[in-house]
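Student: My file is target-v7.txt. It has compact mmCIF, C-alpha atoms:
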# COMPACT_ATOMS: atom_id res chain seq x y z
CA SER A 1 0.00 0.00 0.00
CA GLN A 2 1.03 3.60 -0.52
CA THR A 3 2.13 5.90 2.28
CA ILE A 4 3.17 9.53 2.31
CA HIS A 5 5.49 11.12 4.83
CA GLN A 6 6.15 14.74 5.68
CA TRP A 7 8.63 16.27 8.05
CA PRO A 8 9.01 18.06 10.24
CA ALA A 9 5.55 17.94 11.81
CA THR A 10 5.88 21.39 13.34
CA LEU A 11 8.35 24.19 12.84
CA VAL A 12 8.86 27.63 14.39
CA GLN A 13 11.15 29.87 12.38
CA PRO A 14 12.19 33.53 12.59
CA VAL A 15 11.39 35.95 9.77
CA GLY A 16 14.15 35.94 7.18
CA SER A 17 15.34 32.41 7.90
CA PRO A 18 15.45 29.66 5.24
CA LEU A 19 12.96 26.80 4.97
CA SER A 20 13.08 23.25 3.75
CA LEU A 21 10.11 20.90 4.02
CA GLU A 22 10.31 17.37 2.72
CA CYS A 23 7.73 14.95 1.43
CA THR A 24 8.26 11.35 0.35
CA VAL A 25 5.84 8.79 -1.05
CA GLU A 26 6.22 5.02 -0.79
CA GLY A 27 4.53 2.23 -2.70
CA THR A 28 3.98 3.92 -6.05
CA SER A 29 6.01 5.00 -9.06
CA ASN A 30 5.96 8.28 -10.96
CA PRO A 31 3.26 9.88 -8.81
CA ASN A 32 1.96 13.39 -9.32
CA LEU A 33 3.04 15.45 -6.31
CA TYR A 34 1.52 18.60 -4.88
CA TRP A 35 2.29 21.24 -2.25
CA TYR A 36 -0.63 23.10 -0.66
CA ARG A 37 -0.78 25.76 2.02
CA GLN A 38 -3.74 26.21 4.31
CA ALA A 39 -4.04 29.35 6.43
CA ALA A 40 -5.96 29.05 9.69
CA GLY A 41 -9.67 28.54 9.00
CA ARG A 42 -9.17 28.80 5.25
CA GLY A 43 -9.24 26.51 2.22
CA LEU A 44 -6.39 24.81 0.38
CA GLN A 45 -4.10 26.95 -1.75
CA LEU A 46 -2.20 25.00 -4.39
CA LEU A 47 1.42 26.16 -4.44
CA PHE A 48 3.24 23.72 -6.75
CA TYR A 49 2.63 20.47 -8.54
CA SER A 50 4.91 18.06 -10.36
CA VAL A 51 4.11 15.32 -12.87
CA GLY A 52 7.69 13.99 -12.99
CA ILE A 53 11.28 14.43 -11.87
CA GLY A 54 12.44 17.98 -12.53
CA GLN A 55 8.98 19.06 -13.76
CA ILE A 56 7.56 21.72 -11.45
CA SER A 57 4.59 23.99 -12.09
CA SER A 58 4.07 27.03 -9.89
CA GLU A 59 0.56 28.18 -9.21
CA VAL A 60 1.25 31.21 -7.02
CA PRO A 61 4.17 33.66 -7.42
CA GLN A 62 5.88 34.10 -4.07
CA ASN A 63 9.11 33.56 -2.21
CA LEU A 64 8.71 29.77 -2.16
CA SER A 65 10.21 27.22 -4.54
CA ALA A 66 9.85 23.49 -5.03
CA SER A 67 12.10 20.75 -6.29
CA ARG A 68 11.73 17.08 -7.11
CA PRO A 69 15.18 15.53 -6.99
CA GLN A 70 13.88 11.95 -6.99
CA ASP A 71 10.73 10.26 -8.30
CA ARG A 72 9.03 10.07 -4.91
CA GLN A 73 10.56 13.08 -3.16
CA PHE A 74 9.19 16.62 -3.20
CA ILE A 75 10.84 19.51 -1.38
CA LEU A 76 9.44 22.95 -0.58
CA SER A 77 11.99 25.68 0.09
CA SER A 78 12.39 29.33 0.84
CA LYS A 79 15.50 31.46 1.12
CA LYS A 80 13.87 34.04 3.43
CA LEU A 81 10.62 33.41 5.27
CA LEU A 82 7.93 36.07 5.64
CA LEU A 83 5.35 36.34 8.40
CA SER A 84 2.70 35.56 5.78
CA ASP A 85 4.33 32.15 5.12
CA SER A 86 2.87 30.82 8.37
CA GLY A 87 0.35 28.06 7.81
CA PHE A 88 -0.30 24.37 7.45
CA TYR A 89 1.69 22.89 4.56
CA LEU A 90 0.29 19.77 2.98
CA CYS A 91 1.92 17.45 0.49
CA ALA A 92 -0.31 15.23 -1.63
CA TRP A 93 0.11 12.60 -4.32
CA SER A 94 -2.02 11.14 -7.08
CA GLU A 95 -1.71 8.64 -9.90
CA GLY A 96 -2.70 9.09 -13.53
CA THR A 97 -3.75 12.61 -14.46
CA PRO A 98 -3.78 15.55 -12.00
CA GLN A 99 -7.59 15.27 -12.04
CA GLU A 100 -7.54 12.01 -10.11
CA THR A 101 -7.91 11.34 -6.39
CA GLN A 102 -5.32 13.05 -4.23
CA TYR A 103 -4.02 11.60 -0.98
CA PHE A 104 -2.59 13.91 1.63
CA GLY A 105 0.33 13.60 3.98
CA PRO A 106 0.06 14.49 7.68
CA GLY A 107 1.19 18.09 7.07
CA THR A 108 3.72 20.48 8.55
CA ARG A 109 2.56 23.33 10.75
CA LEU A 110 4.84 26.33 10.22
CA LEU A 111 4.86 29.39 12.44
CA VAL A 112 7.01 32.32 11.35
CA LEU A 113 7.74 34.81 14.13
CA GLN B 1 -17.16 32.64 -10.11
CA LYS B 2 -15.07 30.14 -8.18
CA GLU B 3 -14.59 26.80 -9.88
CA VAL B 4 -15.79 24.78 -6.89
CA GLU B 5 -18.02 26.50 -4.35
CA GLN B 6 -19.21 25.50 -0.91
CA ASN B 7 -20.99 27.33 1.87
CA SER B 8 -18.39 27.85 4.58
CA GLY B 9 -20.92 27.25 7.39
CA PRO B 10 -20.85 26.39 10.16
CA LEU B 11 -23.68 23.94 9.60
CA SER B 12 -25.01 22.87 12.96
CA VAL B 13 -27.16 19.74 13.32
CA PRO B 14 -28.29 17.77 16.38
CA GLU B 15 -26.95 14.30 17.00
CA GLY B 16 -28.91 11.70 15.05
CA ALA B 17 -30.09 14.13 12.35
CA ILE B 18 -29.19 14.12 8.65
CA ALA B 19 -26.48 16.58 7.67
CA SER B 20 -26.64 17.84 4.08
CA LEU B 21 -23.53 19.40 2.56
CA ASN B 22 -23.62 21.00 -0.86
CA CYS B 23 -21.14 21.87 -3.58
CA THR B 24 -21.44 23.45 -7.03
CA TYR B 25 -18.84 23.32 -9.78
CA SER B 26 -18.29 25.30 -12.96
CA ASP B 27 -16.52 22.89 -15.35
CA ARG B 28 -19.26 21.09 -17.29
CA GLY B 29 -16.70 18.57 -18.50
CA SER B 30 -15.96 17.30 -14.99
CA GLN B 31 -16.39 13.55 -14.70
CA SER B 32 -15.36 12.73 -11.15
CA PHE B 33 -16.12 14.29 -7.79
CA PHE B 34 -14.65 13.78 -4.37
CA TRP B 35 -15.53 14.47 -0.75
CA TYR B 36 -12.82 14.85 1.87
CA ARG B 37 -13.15 15.21 5.62
CA GLN B 38 -10.68 17.34 7.58
CA TYR B 39 -10.61 17.28 11.35
CA SER B 40 -9.22 20.35 13.07
CA GLY B 41 -5.43 20.33 12.92
CA LYS B 42 -5.30 17.28 10.65
CA SER B 43 -4.90 16.70 6.93
CA PRO B 44 -7.85 15.99 4.59
CA GLU B 45 -8.85 12.35 4.12
CA LEU B 46 -10.90 10.98 1.23
CA ILE B 47 -14.30 9.68 2.31
CA MET B 48 -16.19 9.28 -0.98
CA PHE B 49 -15.97 9.74 -4.71
CA ILE B 50 -18.70 9.65 -7.34
CA TYR B 51 -18.54 9.47 -11.13
CA SER B 52 -22.10 8.86 -12.25
CA ASN B 53 -25.33 10.79 -11.94
CA GLY B 54 -27.48 9.71 -9.04
CA ASP B 55 -26.63 8.47 -5.58
CA LYS B 56 -23.74 6.49 -4.15
CA GLU B 57 -24.04 5.11 -0.64
CA ASP B 58 -21.28 4.04 1.74
CA GLY B 59 -22.44 3.32 5.26
CA ARG B 60 -23.93 6.49 6.74
CA PHE B 61 -22.66 8.58 3.83
CA THR B 62 -24.48 9.21 0.54
CA ALA B 63 -23.03 11.26 -2.29
CA GLN B 64 -25.46 12.69 -4.83
CA LEU B 65 -24.48 14.00 -8.24
CA ASN B 66 -26.56 16.05 -10.66
CA LYS B 67 -24.45 16.90 -13.70
CA ALA B 68 -27.21 18.89 -15.40
CA SER B 69 -27.35 21.25 -12.43
CA GLN B 70 -23.57 20.98 -11.76
CA TYR B 71 -24.30 20.08 -8.17
CA VAL B 72 -22.80 17.54 -5.78
CA SER B 73 -24.00 16.86 -2.26
CA LEU B 74 -23.01 14.72 0.70
CA LEU B 75 -25.61 13.41 3.12
CA ILE B 76 -24.57 12.09 6.51
CA ARG B 77 -27.28 10.04 8.20
CA ASP B 78 -27.48 9.56 11.96
CA SER B 79 -24.90 12.33 12.49
CA GLN B 80 -22.53 11.80 15.38
CA PRO B 81 -20.39 14.33 17.30
CA SER B 82 -17.38 12.54 15.76
CA ASP B 83 -18.60 13.75 12.34
CA SER B 84 -17.83 17.34 13.38
CA ALA B 85 -15.20 18.44 10.89
CA THR B 86 -14.73 20.49 7.74
CA TYR B 87 -15.88 18.74 4.56
CA LEU B 88 -14.11 19.60 1.32
CA CYS B 89 -15.59 19.02 -2.11
CA ALA B 90 -13.21 18.53 -5.06
CA ALA B 91 -13.83 18.45 -8.79
CA PRO B 92 -11.67 18.72 -11.89
CA ALA B 93 -11.33 22.23 -13.31
CA GLY B 94 -9.22 22.40 -16.44
CA ASN B 95 -6.44 19.84 -16.00
CA MET B 96 -6.37 19.95 -12.19
CA LEU B 97 -8.39 18.68 -9.28
CA THR B 98 -9.75 21.80 -7.57
CA PHE B 99 -10.96 22.01 -3.98
CA GLY B 100 -13.78 24.06 -2.57
CA GLY B 101 -13.24 26.13 0.55
CA GLY B 102 -14.97 23.56 2.73
CA THR B 103 -18.05 23.49 4.93
CA ARG B 104 -17.61 23.27 8.67
CA LEU B 105 -20.06 20.79 10.22
CA MET B 106 -20.88 20.82 13.93
CA VAL B 107 -22.90 17.94 15.36
CA LYS B 108 -24.25 18.81 18.78
CA PRO B 109 -24.98 16.07 21.38
Write the structure described by the file as C-alpha cells, please.
Tutor:
Amino acid sequence: SQTIHQWPATLVQPVGSPLSLECTVEGTSNPNLYWYRQAAGRGLQLLFYSVGIGQISSEVPQNLSASRPQDRQFILSSKKLLLSDSGFYLCAWSEGTPQETQYFGPGTRLLVL
Amino acid sequence: QKEVEQNSGPLSVPEGAIASLNCTYSDRGSQSFFWYRQYSGKSPELIMFIYSNGDKEDGRFTAQLNKASQYVSLLIRDSQPSDSATYLCAAPAGNMLTFGGGTRLMVKP
C-alpha cells in the first residue's frame, strides 16, 4: 500500500530564515506530487505540482520554490521566510492525471515569528 | 465565479439528524467528484468519490451528483459528534483537481 510522509511535523522559524520541508511517497512509481498551504480557517491553496522528476509547475508567485530531486521526493523551500508564510503545509500525491484522487500527507505546521 | 463553491458554514445539526452538505462546480466537462473530511489540525482524508449521476451510498454517507445542475451533495445520516469536521468538495477544473473552501459541520450532542 502507498504511504506519504512529511517532516518536520511542526516548525517555528524567525522571519528571514530559510525553509526546507520534505515529502516522500512510498509504494507507487511516478506519482503526481503537490504542495498546498492552508491558512488558519481557510481553504487549500495549491502552491506547486509536479508530474515527474524535474517538472515543477508554480501556481502562485511568491518567495517559495519546489524541487523534485527523486521520483518520490518533493521539497518545498524558501531562502527568506515572511510572516505571511505561516500556515499548514500539505503534500499530496495522485496517480494518472492531476484530475484524479489526491491523498494527503500528515502536514507540517509552520509558524514564522 | 469560483470553480468549486461550498458554503463555509458552520452547519449545525443535532446528534442523530441528517447533515446535508452542498457543492457546485463550474466545469461542465468534470467527470469525477470527491468528498474529503478534515478534522481540526489534521490533513484531509478521502471519504467518498462519485462518477455517475445519481446516488452512491457508503455506510452512513451518501453522495449525490446532478451533472445537469452541476451540483454535488453529501448526506450524513445519523450524524454523530465525531462527524464534526470540515468537509471539502473537489472536482476537476481544467487539468487539475480543484478544492472548494470547505463546509464546517458541527454535530451537537
Student: For B:Phe99, please output as a ChimeraX atom specification all residues within 7 Å (counting only C-alpha atoms; exclusion window: fewer than 3 positions along the same chain).
Tutor: /A:44 /B:4,88-91
Student: Ranking A:Leu33, A:Ile56, A:Leu21, A:Val15 by minimum distance to A:Asp85 and counting only C-alpha atoms, which one comes first?
Tutor: A:Val15
Student: Could you tell me how far atom CA of A:Glu100 lies from atom CA of A:Ser58, in Å and to one decimal?
Tutor: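 Spanning atom CA of A:Glu100 to atom CA of A:Ser58 is a straight-line distance of 19.0 Å.
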Student: Find the residues of chain A that sit at most 6 Å from chain B; for each, write down the nearest two atoms and how far apart they are in Å, to one decimal. Count all atoms listed in the file. Sort by chain, then by number going up, and give it as a tab-separated table.
Tutor:
residue	atom	partner	partner_atom	distance
A:Gly43	CA	B:Gly101	CA	4.4
A:Pro98	CA	B:Met96	CA	5.1
A:Gln99	CA	B:Leu97	CA	4.5
A:Pro106	CA	B:Ser43	CA	5.5
Student: With all atoms listed in the file as the atoms that count, which of A:Thr10, A:Ser1, A:Ser20, A:Ser86 lies nearest to A:Ser65?
Tutor: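 With all atoms listed in the file as the atom set, the closest residue is A:Ser20.
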Student: Which residues, written as a compact mmCIF listing (two decimals) with C-alpha atoms, keeping the file's coordinate frame, have at least one atom at most 12 Å from A:Ala66, with all atoms listed in the file counted and residues fewer than 6 positions away on the same chain left out?
Tutor:
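New file selection.txt:
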# COMPACT_ATOMS: atom_id res chain seq x y z
CA LEU A 19 12.96 26.80 4.97
CA SER A 20 13.08 23.25 3.75
CA LEU A 21 10.11 20.90 4.02
CA GLU A 22 10.31 17.37 2.72
CA CYS A 23 7.73 14.95 1.43
CA LEU A 33 3.04 15.45 -6.31
CA TYR A 34 1.52 18.60 -4.88
CA TRP A 35 2.29 21.24 -2.25
CA TYR A 36 -0.63 23.10 -0.66
CA LEU A 47 1.42 26.16 -4.44
CA PHE A 48 3.24 23.72 -6.75
CA TYR A 49 2.63 20.47 -8.54
CA SER A 50 4.91 18.06 -10.36
CA ILE A 53 11.28 14.43 -11.87
CA GLY A 54 12.44 17.98 -12.53
CA GLN A 55 8.98 19.06 -13.76
CA ILE A 56 7.56 21.72 -11.45
CA SER A 57 4.59 23.99 -12.09
CA SER A 58 4.07 27.03 -9.89
CA GLU A 59 0.56 28.18 -9.21
CA VAL A 60 1.25 31.21 -7.02
CA GLN A 73 10.56 13.08 -3.16
CA PHE A 74 9.19 16.62 -3.20
CA ILE A 75 10.84 19.51 -1.38
CA LEU A 76 9.44 22.95 -0.58
CA SER A 77 11.99 25.68 0.09
CA SER A 78 12.39 29.33 0.84
CA LYS A 79 15.50 31.46 1.12
CA CYS A 91 1.92 17.45 0.49
Student: Using only C-alpha atoms, can you list as a ChimeraX atom specification the residues within 10 Å of (-25.6, 21.2, -9.9)?
Tutor: /B:22-26,28,64-73
